[in-house]
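**Student:** Just target_30.cif, nothing more (mmCIF, C-alpha atoms):
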```
data_input
#
loop_
_atom_site.group_PDB
_atom_site.id
_atom_site.type_symbol
_atom_site.label_atom_id
_atom_site.label_comp_id
_atom_site.auth_asym_id
_atom_site.auth_seq_id
_atom_site.Cartn_x
_atom_site.Cartn_y
_atom_site.Cartn_z
ATOM 1 C CA MET A 1 -25.991 -11.729 -12.443
ATOM 2 C CA THR A 2 -22.819 -11.693 -10.412
ATOM 3 C CA ILE A 3 -19.831 -10.631 -12.449
ATOM 4 C CA THR A 4 -16.554 -12.524 -12.109
ATOM 5 C CA PRO A 5 -13.078 -11.787 -13.507
ATOM 6 C CA THR A 6 -13.778 -14.370 -16.208
ATOM 7 C CA THR A 7 -17.071 -12.854 -17.359
ATOM 8 C CA ALA A 8 -16.467 -9.149 -16.611
ATOM 9 C CA GLN A 9 -16.909 -6.664 -19.440
ATOM 10 C CA VAL A 10 -15.927 -3.020 -19.790
ATOM 11 C CA GLY A 11 -18.341 -0.887 -17.811
ATOM 12 C CA ASP A 12 -19.107 -3.522 -15.175
ATOM 13 C CA THR A 13 -18.812 -2.379 -11.577
ATOM 14 C CA LEU A 14 -17.309 -4.450 -8.762
ATOM 15 C CA PRO A 15 -19.074 -4.885 -5.417
ATOM 16 C CA GLY A 16 -18.356 -1.706 -3.443
ATOM 17 C CA LEU A 17 -16.945 -1.423 0.038
ATOM 18 C CA THR A 18 -17.055 1.097 2.874
ATOM 19 C CA PHE A 19 -14.678 1.494 5.795
ATOM 20 C CA GLY A 20 -15.090 3.662 8.842
ATOM 21 C CA PRO A 21 -15.792 5.994 10.414
ATOM 22 C CA ILE A 22 -12.031 6.181 10.959
ATOM 23 C CA SER A 23 -11.400 6.920 14.627
ATOM 24 C CA ARG A 24 -8.173 7.929 16.343
ATOM 25 C CA THR A 25 -8.111 4.371 17.696
ATOM 26 C CA THR A 26 -8.137 3.020 14.127
ATOM 27 C CA LEU A 27 -5.161 5.248 13.304
ATOM 28 C CA ALA A 28 -3.263 4.155 16.428
ATOM 29 C CA LEU A 29 -3.892 0.503 15.559
ATOM 30 C CA TYR A 30 -2.904 1.026 11.920
ATOM 31 C CA ALA A 31 0.311 2.753 13.029
ATOM 32 C CA GLY A 32 1.149 -0.266 15.178
ATOM 33 C CA ALA A 33 0.063 -2.887 12.661
ATOM 34 C CA SER A 34 1.799 -1.288 9.687
ATOM 35 C CA GLY A 35 4.924 -0.079 11.475
ATOM 36 C CA ASP A 36 4.255 3.396 10.058
ATOM 37 C CA HIS A 37 4.800 5.450 13.200
ATOM 38 C CA ASN A 38 4.778 8.841 11.464
ATOM 39 C CA PRO A 39 3.395 11.052 14.281
ATOM 40 C CA ILE A 40 1.416 13.193 11.800
ATOM 41 C CA HIS A 41 -1.223 10.406 11.932
ATOM 42 C CA ILE A 42 -1.352 9.751 15.679
ATOM 43 C CA ASP A 43 0.030 12.686 17.651
ATOM 44 C CA LEU A 44 -2.087 15.844 17.683
ATOM 45 C CA ASP A 45 0.728 17.885 19.264
ATOM 46 C CA PHE A 46 3.067 16.955 16.430
ATOM 47 C CA ALA A 47 0.402 17.618 13.795
ATOM 48 C CA LYS A 48 -0.090 21.132 15.190
ATOM 49 C CA THR A 49 3.627 21.899 15.115
ATOM 50 C CA ALA A 50 3.488 20.853 11.451
ATOM 51 C CA GLY A 51 0.749 23.457 10.859
ATOM 52 C CA MET A 52 -2.160 21.007 10.675
ATOM 53 C CA ASP A 53 -5.405 21.422 12.640
ATOM 54 C CA ASP A 54 -5.589 17.708 13.380
ATOM 55 C CA VAL A 55 -4.018 14.358 12.605
ATOM 56 C CA PHE A 56 -5.146 12.670 9.391
ATOM 57 C CA ALA A 57 -5.419 9.067 8.237
ATOM 58 C CA HIS A 58 -2.601 7.083 6.676
ATOM 59 C CA GLY A 59 -3.129 7.021 2.913
ATOM 60 C CA MET A 60 -2.118 3.376 2.995
ATOM 61 C CA LEU A 61 -5.098 2.549 5.214
ATOM 62 C CA SER A 62 -7.341 3.660 2.352
ATOM 63 C CA MET A 63 -5.219 1.898 -0.256
ATOM 64 C CA ALA A 64 -5.646 -1.264 1.819
ATOM 65 C CA GLN A 65 -9.402 -0.868 1.257
ATOM 66 C CA LEU A 66 -8.925 -0.591 -2.516
ATOM 67 C CA GLY A 67 -6.771 -3.726 -2.268
ATOM 68 C CA ARG A 68 -9.535 -5.510 -0.344
ATOM 69 C CA LEU A 69 -12.128 -4.464 -2.900
ATOM 70 C CA ALA A 70 -10.006 -5.962 -5.699
ATOM 71 C CA THR A 71 -8.866 -9.148 -3.939
ATOM 72 C CA ASN A 72 -12.237 -9.936 -2.357
ATOM 73 C CA TRP A 73 -13.651 -9.930 -5.871
ATOM 74 C CA ALA A 74 -10.833 -11.526 -7.844
ATOM 75 C CA GLY A 75 -8.674 -13.396 -5.331
ATOM 76 C CA GLN A 76 -5.046 -12.570 -4.641
ATOM 77 C CA ASP A 77 -3.797 -15.034 -7.272
ATOM 78 C CA ARG A 78 -5.428 -13.085 -10.116
ATOM 79 C CA MET A 79 -3.917 -9.758 -9.061
ATOM 80 C CA ARG A 80 -1.147 -8.542 -11.333
ATOM 81 C CA ALA A 81 -0.838 -4.944 -10.189
ATOM 82 C CA LEU A 82 -2.365 -2.348 -7.889
ATOM 83 C CA SER A 83 -1.576 1.348 -7.972
ATOM 84 C CA THR A 84 -2.947 4.499 -6.411
ATOM 85 C CA ARG A 85 -2.459 8.226 -6.295
ATOM 86 C CA PHE A 86 -3.371 9.952 -3.048
ATOM 87 C CA THR A 87 -5.408 12.961 -4.166
ATOM 88 C CA ALA A 88 -6.615 14.408 -0.841
ATOM 89 C CA ILE A 89 -6.072 13.966 2.880
ATOM 90 C CA THR A 90 -8.534 11.709 4.762
ATOM 91 C CA PRO A 91 -9.617 13.425 8.000
ATOM 92 C CA VAL A 92 -10.369 11.716 11.312
ATOM 93 C CA GLY A 93 -14.000 10.620 11.441
ATOM 94 C CA ALA A 94 -14.315 10.042 7.712
ATOM 95 C CA THR A 95 -15.968 6.994 6.227
ATOM 96 C CA ILE A 96 -14.311 5.807 3.014
ATOM 97 C CA THR A 97 -16.442 4.558 0.148
ATOM 98 C CA CYS A 98 -14.526 2.497 -2.402
ATOM 99 C CA SER A 99 -15.579 1.708 -5.932
ATOM 100 C CA GLY A 100 -14.198 -0.201 -8.889
ATOM 101 C CA THR A 101 -15.182 -0.228 -12.565
ATOM 102 C CA VAL A 102 -13.803 -2.372 -15.373
ATOM 103 C CA VAL A 103 -12.338 0.078 -17.902
ATOM 104 C CA ASP A 104 -10.388 -2.250 -20.168
ATOM 105 C CA ARG A 105 -10.447 -5.901 -21.157
ATOM 106 C CA GLN A 106 -7.663 -7.369 -23.270
ATOM 107 C CA GLU A 107 -7.575 -10.913 -24.534
ATOM 108 C CA GLU A 108 -4.264 -12.296 -25.626
ATOM 109 C CA HIS A 109 -3.400 -15.937 -26.264
ATOM 110 C CA GLY A 110 -6.644 -16.957 -24.602
ATOM 111 C CA ARG A 111 -5.802 -15.011 -21.439
ATOM 112 C CA VAL A 112 -7.933 -12.123 -20.235
ATOM 113 C CA LEU A 113 -6.393 -9.090 -18.553
ATOM 114 C CA LEU A 114 -8.749 -6.586 -16.954
ATOM 115 C CA THR A 115 -7.992 -3.025 -15.936
ATOM 116 C CA VAL A 116 -10.194 -1.891 -13.067
ATOM 117 C CA ALA A 117 -10.369 1.809 -12.210
ATOM 118 C CA LEU A 118 -10.526 2.257 -8.446
ATOM 119 C CA ALA A 119 -11.501 5.255 -6.340
ATOM 120 C CA ALA A 120 -12.021 6.169 -2.711
ATOM 121 C CA HIS A 121 -14.274 9.026 -1.611
ATOM 122 C CA ILE A 122 -15.065 10.463 1.808
ATOM 123 C CA ASP A 123 -18.440 11.601 3.166
ATOM 124 C CA ASP A 124 -18.447 15.083 1.574
ATOM 125 C CA GLY A 125 -17.749 13.575 -1.856
ATOM 126 C CA THR A 126 -14.054 14.452 -1.958
ATOM 127 C CA GLN A 127 -12.022 11.894 -3.855
ATOM 128 C CA THR A 128 -9.090 10.839 -1.663
ATOM 129 C CA LEU A 129 -7.526 8.119 -3.815
ATOM 130 C CA ARG A 130 -7.725 7.051 -7.401
ATOM 131 C CA GLY A 131 -5.957 4.113 -8.884
ATOM 132 C CA GLU A 132 -6.239 0.930 -10.816
ATOM 133 C CA ALA A 133 -5.850 -2.806 -10.528
ATOM 134 C CA LYS A 134 -4.682 -5.192 -13.229
ATOM 135 C CA ILE A 135 -6.525 -8.449 -12.819
ATOM 136 C CA CYS A 136 -6.197 -11.707 -14.735
ATOM 137 C CA GLY A 137 -9.361 -13.399 -15.943
ATOM 138 C CA THR A 138 -7.799 -16.703 -14.975
ATOM 139 C CA PRO A 139 -5.752 -17.418 -11.820
ATOM 140 C CA MET B 1 15.274 24.654 -2.971
ATOM 141 C CA GLY B 2 14.413 21.144 -1.892
ATOM 142 C CA ILE B 3 14.942 19.251 1.330
ATOM 143 C CA PHE B 4 15.622 15.777 -0.069
ATOM 144 C CA ASN B 5 19.247 14.758 -0.318
ATOM 145 C CA ARG B 6 19.340 14.397 -4.084
ATOM 146 C CA SER B 7 22.873 13.017 -4.091
ATOM 147 C CA THR B 8 21.298 9.696 -3.012
ATOM 148 C CA LYS B 9 19.757 9.219 -6.484
ATOM 149 C CA GLY B 10 20.738 5.765 -7.723
ATOM 150 C CA HIS B 11 21.517 4.494 -4.236
ATOM 151 C CA VAL B 12 20.510 0.900 -3.490
ATOM 152 C CA THR B 13 20.181 -0.047 0.183
ATOM 153 C CA PRO B 14 21.906 -3.196 1.494
ATOM 154 C CA PRO B 15 19.528 -6.185 1.370
ATOM 155 C CA ILE B 16 17.641 -6.759 4.623
ATOM 156 C CA GLU B 17 16.063 -10.090 5.542
ATOM 157 C CA VAL B 18 12.526 -9.906 6.946
ATOM 158 C CA THR B 19 10.491 -12.786 8.377
ATOM 159 C CA LEU B 20 6.732 -12.474 7.856
ATOM 160 C CA GLU B 21 5.526 -13.322 11.328
ATOM 161 C CA ARG B 22 2.035 -14.760 11.569
ATOM 162 C CA GLY B 23 0.799 -12.702 14.541
ATOM 163 C CA PRO B 24 1.722 -9.282 13.120
ATOM 164 C CA LEU B 25 0.357 -10.320 9.711
ATOM 165 C CA ALA B 26 -2.995 -11.321 11.233
ATOM 166 C CA PHE B 27 -3.042 -8.087 13.298
ATOM 167 C CA PHE B 28 -2.556 -6.054 10.104
ATOM 168 C CA SER B 29 -5.331 -7.920 8.283
ATOM 169 C CA GLU B 30 -7.744 -7.350 11.168
ATOM 170 C CA THR B 31 -6.792 -3.670 11.448
ATOM 171 C CA ILE B 32 -7.619 -2.975 7.804
ATOM 172 C CA GLY B 33 -10.980 -4.671 8.330
ATOM 173 C CA GLU B 34 -10.208 -7.767 6.297
ATOM 174 C CA THR B 35 -13.062 -10.256 6.586
ATOM 175 C CA ASP B 36 -11.687 -13.173 4.519
ATOM 176 C CA PRO B 37 -10.128 -15.545 7.091
ATOM 177 C CA ILE B 38 -7.367 -16.696 4.701
ATOM 178 C CA TYR B 39 -5.697 -13.410 5.726
ATOM 179 C CA PHE B 40 -5.783 -14.018 9.499
ATOM 180 C CA ASP B 41 -6.597 -17.669 10.286
ATOM 181 C CA SER B 42 -4.055 -20.395 9.503
ATOM 182 C CA ASP B 43 -6.637 -23.171 9.374
ATOM 183 C CA ALA B 44 -8.787 -21.265 6.882
ATOM 184 C CA ALA B 45 -5.722 -20.437 4.793
ATOM 185 C CA GLN B 46 -4.605 -24.066 4.723
ATOM 186 C CA ALA B 47 -8.122 -25.239 3.901
ATOM 187 C CA ALA B 48 -7.937 -22.898 0.890
ATOM 188 C CA GLY B 49 -4.696 -24.550 -0.219
ATOM 189 C CA HIS B 50 -2.194 -22.027 1.141
ATOM 190 C CA PRO B 51 0.789 -22.976 3.329
ATOM 191 C CA ASP B 52 -0.199 -20.338 5.930
ATOM 192 C CA ILE B 53 -2.097 -17.039 6.119
ATOM 193 C CA LEU B 54 -1.793 -14.872 3.036
ATOM 194 C CA ALA B 55 -0.433 -11.322 3.048
ATOM 195 C CA PRO B 56 -3.030 -8.737 1.903
ATOM 196 C CA ALA B 57 -2.460 -6.726 -1.275
ATOM 197 C CA THR B 58 -0.783 -3.774 0.455
ATOM 198 C CA TYR B 59 1.354 -5.764 2.899
ATOM 199 C CA ALA B 60 4.451 -5.056 0.794
ATOM 200 C CA VAL B 61 4.599 -1.570 2.331
ATOM 201 C CA VAL B 62 4.634 -3.127 5.803
ATOM 202 C CA VAL B 63 7.412 -5.549 4.874
ATOM 203 C CA GLY B 64 9.364 -2.509 3.631
ATOM 204 C CA THR B 65 8.740 -0.682 6.894
ATOM 205 C CA PHE B 66 9.851 -3.700 8.918
ATOM 206 C CA ALA B 67 13.039 -3.762 6.825
ATOM 207 C CA ASP B 68 13.534 -0.085 7.745
ATOM 208 C CA GLN B 69 13.179 -0.941 11.443
ATOM 209 C CA ILE B 70 15.735 -3.739 11.113
ATOM 210 C CA ALA B 71 18.114 -1.387 9.271
ATOM 211 C CA ARG B 72 17.870 1.122 12.137
ATOM 212 C CA ARG B 73 18.580 -1.613 14.681
ATOM 213 C CA LYS B 74 21.713 -2.433 12.709
ATOM 214 C CA GLY B 75 22.756 1.225 12.868
ATOM 215 C CA GLN B 76 22.007 1.785 9.168
ATOM 216 C CA PRO B 77 19.887 4.697 7.930
ATOM 217 C CA ASP B 78 16.328 3.826 6.943
ATOM 218 C CA ILE B 79 15.093 4.987 3.560
ATOM 219 C CA LEU B 80 13.622 8.285 4.851
ATOM 220 C CA GLU B 81 16.802 9.160 6.723
ATOM 221 C CA LEU B 82 18.822 8.291 3.652
ATOM 222 C CA ILE B 83 16.940 10.721 1.417
ATOM 223 C CA ASN B 84 16.481 13.257 4.277
ATOM 224 C CA GLY B 85 12.697 13.059 4.456
ATOM 225 C CA ASP B 86 11.057 15.658 6.734
ATOM 226 C CA LEU B 87 7.926 14.232 8.375
ATOM 227 C CA ARG B 88 6.454 17.703 9.034
ATOM 228 C CA VAL B 89 6.014 18.411 5.334
ATOM 229 C CA LEU B 90 5.906 14.897 3.966
ATOM 230 C CA LEU B 91 2.990 13.430 2.034
ATOM 231 C CA HIS B 92 2.544 10.098 0.350
ATOM 232 C CA GLY B 93 1.924 10.829 -3.327
ATOM 233 C CA THR B 94 1.721 7.501 -5.115
ATOM 234 C CA GLU B 95 2.075 3.789 -4.363
ATOM 235 C CA ALA B 96 2.113 0.948 -6.879
ATOM 236 C CA TYR B 97 2.703 -2.798 -6.757
ATOM 237 C CA THR B 98 3.367 -5.393 -9.378
ATOM 238 C CA TYR B 99 2.727 -8.895 -8.078
ATOM 239 C CA HIS B 100 4.858 -11.827 -9.139
ATOM 240 C CA GLY B 101 3.976 -14.243 -6.369
ATOM 241 C CA PRO B 102 2.102 -14.404 -3.061
ATOM 242 C CA MET B 103 3.626 -13.789 0.386
ATOM 243 C CA PHE B 104 2.673 -16.019 3.301
ATOM 244 C CA ALA B 105 3.231 -16.021 7.054
ATOM 245 C CA GLY B 106 6.522 -17.759 7.738
ATOM 246 C CA ASP B 107 8.190 -16.530 4.557
ATOM 247 C CA VAL B 108 11.678 -15.101 4.886
ATOM 248 C CA VAL B 109 12.087 -12.418 2.242
ATOM 249 C CA THR B 110 14.819 -10.005 1.246
ATOM 250 C CA VAL B 111 14.053 -6.287 0.896
ATOM 251 C CA GLU B 112 16.043 -3.855 -1.185
ATOM 252 C CA ASN B 113 15.248 -0.172 -1.806
ATOM 253 C CA GLU B 114 16.441 1.887 -4.730
ATOM 254 C CA VAL B 115 16.279 5.673 -4.889
ATOM 255 C CA THR B 116 15.375 5.994 -8.554
ATOM 256 C CA ASP B 117 14.794 9.727 -9.010
ATOM 257 C CA PHE B 118 13.871 13.125 -7.633
ATOM 258 C CA THR B 119 11.434 15.372 -9.483
ATOM 259 C CA ASP B 120 9.713 18.725 -8.944
ATOM 260 C CA ALA B 121 6.049 19.627 -9.425
ATOM 261 C CA LYS B 122 3.691 22.616 -9.195
ATOM 262 C CA GLY B 123 6.402 25.132 -10.064
ATOM 263 C CA GLY B 124 8.696 23.963 -7.296
ATOM 264 C CA LYS B 125 6.023 23.898 -4.578
ATOM 265 C CA LEU B 126 6.397 20.131 -4.372
ATOM 266 C CA GLU B 127 9.422 17.889 -4.628
ATOM 267 C CA ILE B 128 9.012 14.163 -5.106
ATOM 268 C CA ALA B 129 11.325 11.286 -4.226
ATOM 269 C CA HIS B 130 10.802 8.111 -6.257
ATOM 270 C CA ILE B 131 11.645 4.884 -4.452
ATOM 271 C CA THR B 132 11.460 1.312 -5.725
ATOM 272 C CA THR B 133 11.333 -1.570 -3.246
ATOM 273 C CA ARG B 134 11.901 -5.156 -4.348
ATOM 274 C CA ILE B 135 10.828 -8.065 -2.163
ATOM 275 C CA THR B 136 12.368 -11.390 -3.139
ATOM 276 C CA HIS B 137 12.268 -14.931 -1.820
ATOM 277 C CA ALA B 138 15.318 -17.207 -1.914
ATOM 278 C CA THR B 139 13.627 -19.920 -3.985
ATOM 279 C CA ARG B 140 10.452 -18.288 -5.368
ATOM 280 C CA GLY B 141 12.314 -15.211 -6.693
ATOM 281 C CA LEU B 142 10.839 -11.713 -6.987
ATOM 282 C CA LEU B 143 7.454 -11.597 -5.210
ATOM 283 C CA VAL B 144 6.502 -7.919 -5.273
ATOM 284 C CA GLU B 145 7.954 -4.769 -6.744
ATOM 285 C CA ALA B 146 6.716 -1.574 -5.136
ATOM 286 C CA THR B 147 7.206 1.963 -6.383
ATOM 287 C CA ARG B 148 6.449 4.967 -4.225
ATOM 288 C CA GLY B 149 6.345 8.708 -4.667
ATOM 289 C CA ILE B 150 7.082 10.632 -1.475
ATOM 290 C CA ILE B 151 6.287 14.340 -1.534
ATOM 291 C CA HIS B 152 7.656 17.328 0.365
ATOM 292 C CA ARG B 153 5.385 20.369 0.521
ATOM 293 C CA LEU B 154 7.771 23.299 0.136
ATOM 294 C CA GLY B 155 7.157 26.951 1.066
#
```
Rewrite the structure from the file as structure tokens, please.
**Tutor:**
Amino acid sequence: MTITPTTAQVGDTLPGLTFGPISRTTLALYAGASGDHNPIHIDLDFAKTAGMDDVFAHGMLSMAQLGRLATNWAGQDRMRALSTRFTAITPVGATITCSGTVVDRQEEHGRVLLTVALAAHIDDGTQTLRGEAKICGTP
Amino acid sequence: MGIFNRSTKGHVTPPIEVTLERGPLAFFSETIGETDPIYFDSDAAQAAGHPDILAPATYAVVVGTFADQIARRKGQPDILELINGDLRVLLHGTEAYTYHGPMFAGDVVTVENEVTDFTDAKGGKLEIAHITTRITHATRGLLVEATRGIIHRLG
């Protein structure tokens, strides 16, 4: 049975999502689309002067995927909050796998508030983001 | 010894007006791989009952960045300049949004940043700047509050 924000219970998992592999083109486009022109993500020469072997992906590109996972399931109008911690760098070429699990369900005055634990992992299993979404059971 | 200019703690930037332009908003949605057309197609958005295309969940950071660009054009420091962020050692630590209302293409919103605190972590190997960004609409009020932790890797 398909779970919805109205019927979801603690322990339920949301439909997952993958994004990638993240190419240099993706990073160039994200820099332009987001306005985040930090050269550490798009300019190899700059990255090397900063002591890095290569450019790496914008953390916000991965957070956008966690946002998509939550809103594609619940709809933007049920979203109350979204937060993430960036726990590791996402290298060029990585594919991000995003997951979400309902970890709390509160019912107050007939309104349901869900807490969904979110995570992003890259191919080698490294967790790159962890966070949570607060989602209303009703719009 | 940190790099951030900690004397900016408590500083609130002058409000900057940002228009959410439809083309850039659709470009962002497509770039993040969004597949729901309410985020990039006006007709689909209107068919779903929205006035225009809807901003994705993380678009608040983009609106903040656009406000930074406008500040620079006005000769004002952007938030990173203000706190003396150094891109060579800078990492994004945390990002959080609380949603109070949706943002749509065509909206004119006001952006304000507040430098709320500076903290240290890992025995001084990291320093963290804490920034809060509020995005408000003239008639719909506060739409999104964003908080951000920006890290310097030291030594």
**Student:** What is the atom CA of Ala47 of chain A to atom CA of Leu87 of chain B distance in Å?
**Tutor:**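 The value is 9.9 Å.
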**Student:** Hey, list the chain B side of the contact with chain A: 7 Å cut-off, only C-alpha atoms, answer as a ChimeraX atom specification.
**Tutor:** /B:24,27-28,31-32,57-58,62,65-66,87-88,92-99
**Student:** Which one is closest to Phe40 of chain B: B:Arg6, B:Pro77, B:Ala105, B:Leu90? Count all atoms listed in the file.
**Tutor:** B:Ala105
**Student:** Between A:Thr115, A:Thr95, A:Thr101, A:Thr126, which one has atoms that come closest to Pro15 of chain A, using all atoms listed in the file?
**Tutor:**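 Of A:Thr115, A:Thr95, A:Thr101, A:Thr126, the one nearest Pro15 of chain A, counting all atoms listed in the file, is A:Thr101.
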**Student:** Report as a list in words the full result of the PyMOL selection byres ((chain B and resi 118) around 6) when it is applied to this structure.
**Tutor:**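 Here the PyMOL selection byres ((chain B and resi 118) around 6) matches Asp117, Thr119, Ile128 and Ala129 of chain B.
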**Student:** Identify all residues satisfying the PyMOL selection byres ((chain B and resi 7) around 12) in the given file; provide them as a list in words.
**Tutor:**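 On this input, the PyMOL selection byres ((chain B and resi 7) around 12) captures Gly2, Ile3, Phe4, Asn5, Arg6, Thr8, Lys9, Gly10, His11, Leu82, Ile83, Asn84, Val115, Thr116, Asp117, Phe118 and Ala129 of chain B.
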